[in-house]
Structures are given as C-alpha cells and as structure tokens.
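Single-structure report; data block below.
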Amino acid sequence: MTKPVLFFAHLCPDTAPFMAELARLNVEYESVSILESMANLKRFLRLRDQHSVFDAVKANGYAGVPALVVGDEVILDTDQLTLYFSPRG
C-alpha cells in the first residue's frame, strides 16, 4: 500500500485536530501544505476538481482541507479517519 497523502493548510481550524487523530491512530503520511507553494496548491486543486467527494464541500463554499488520500479514497473528517484506520476485531 502506498503512503497516504495529507493535503492541509495550517490556517484551517480543522487541520490540527485532523493531524492529532492521525498521530493517535499511528498513521504515517506524506504532508502537502497547500499554502507552501503554487505546485502544492495546483496538486490539491487537481484532486479536488476530479474527485466527487468534494462536490458537497465546494457547494457549501469550503476548500476541502484537510483531505487524506488513501489509494482511490479521500477522507475529509476525523470520524472517517477513525473508522478507516481503527483495528477491526
């Protein structure tokens, strides 16, 4: 499995709790700060424009970060993180 990719912006109030949950779940990921460079922003916008999970986010006027890409899936909230990465018994 390839390493998940986290698109984030430190200015977003949802980023810190999302990253804390990733740490709690011991998830390793590639960090992509969308405000760090134009290349990072373009990379995120390509994802956002091509993935339907962002449709509702965009309709409500939100950017869609933080977003964790795991294979073909995109996880946008901490509840989804917990469900996806929690051990299944």
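Chain lettering (A, B, ...) mirrors the order of the structure tokens, residue numbering begins at 1 for each chain separately, and ligand numbering begins at 1 in order of display.
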
As a PyMOL selection string, list the residues of chain A assigned to alpha helix (DSSP H) by DSSP on the backbone atoms of this structure. chain A and resi 15-24+38-50+55-59+78-85

Please write the residues from the selection above to a file, keeping C-alpha atoms, as a PDB file, in the first residue's frame.
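Full text of again_19.pdb as output:
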ATOM      1  CA  THR A  15      -6.147  20.768  10.383  1.00  0.00           C
ATOM      2  CA  ALA A  16      -4.742  20.464  13.924  1.00  0.00           C
ATOM      3  CA  PRO A  17      -7.428  18.043  15.222  1.00  0.00           C
ATOM      4  CA  PHE A  18      -7.221  16.013  11.992  1.00  0.00           C
ATOM      5  CA  MET A  19      -3.442  15.683  12.325  1.00  0.00           C
ATOM      6  CA  ALA A  20      -3.793  14.833  16.022  1.00  0.00           C
ATOM      7  CA  GLU A  21      -6.172  11.997  15.136  1.00  0.00           C
ATOM      8  CA  LEU A  22      -3.734  10.702  12.515  1.00  0.00           C
ATOM      9  CA  ALA A  23      -1.000  10.710  15.183  1.00  0.00           C
ATOM     10  CA  ARG A  24      -3.270   8.934  17.682  1.00  0.00           C
ATOM     11  CA  MET A  38       1.881  27.017  -6.078  1.00  0.00           C
ATOM     12  CA  ALA A  39       2.774  23.450  -7.123  1.00  0.00           C
ATOM     13  CA  ASN A  40       1.196  22.068  -3.929  1.00  0.00           C
ATOM     14  CA  LEU A  41      -1.930  24.178  -4.402  1.00  0.00           C
ATOM     15  CA  LYS A  42      -2.284  23.040  -8.021  1.00  0.00           C
ATOM     16  CA  ARG A  43      -1.809  19.418  -6.977  1.00  0.00           C
ATOM     17  CA  PHE A  44      -4.646  19.781  -4.457  1.00  0.00           C
ATOM     18  CA  LEU A  45      -6.929  21.630  -6.876  1.00  0.00           C
ATOM     19  CA  ARG A  46      -6.494  18.873  -9.487  1.00  0.00           C
ATOM     20  CA  LEU A  47      -7.576  16.329  -6.871  1.00  0.00           C
ATOM     21  CA  ARG A  48     -10.486  18.486  -5.718  1.00  0.00           C
ATOM     22  CA  ASP A  49     -11.703  19.103  -9.247  1.00  0.00           C
ATOM     23  CA  GLN A  50     -11.577  15.406 -10.178  1.00  0.00           C
ATOM     24  CA  ASP A  55     -18.820  18.217  -4.507  1.00  0.00           C
ATOM     25  CA  ALA A  56     -20.730  18.937  -1.292  1.00  0.00           C
ATOM     26  CA  VAL A  57     -17.731  20.718   0.220  1.00  0.00           C
ATOM     27  CA  LYS A  58     -17.443  23.035  -2.781  1.00  0.00           C
ATOM     28  CA  ALA A  59     -21.221  23.597  -2.885  1.00  0.00           C
ATOM     29  CA  THR A  78     -11.868  12.708  11.773  1.00  0.00           C
ATOM     30  CA  ASP A  79     -14.823  10.337  12.170  1.00  0.00           C
ATOM     31  CA  GLN A  80     -13.981   8.795   8.799  1.00  0.00           C
ATOM     32  CA  LEU A  81     -10.328   8.522   9.875  1.00  0.00           C
ATOM     33  CA  THR A  82     -11.273   6.597  12.987  1.00  0.00           C
ATOM     34  CA  LEU A  83     -13.498   4.218  11.036  1.00  0.00           C
ATOM     35  CA  TYR A  84     -10.945   3.655   8.282  1.00  0.00           C
ATOM     36  CA  PHE A  85      -7.853   3.134  10.456  1.00  0.00           C
TER      37      PHE A  85
END
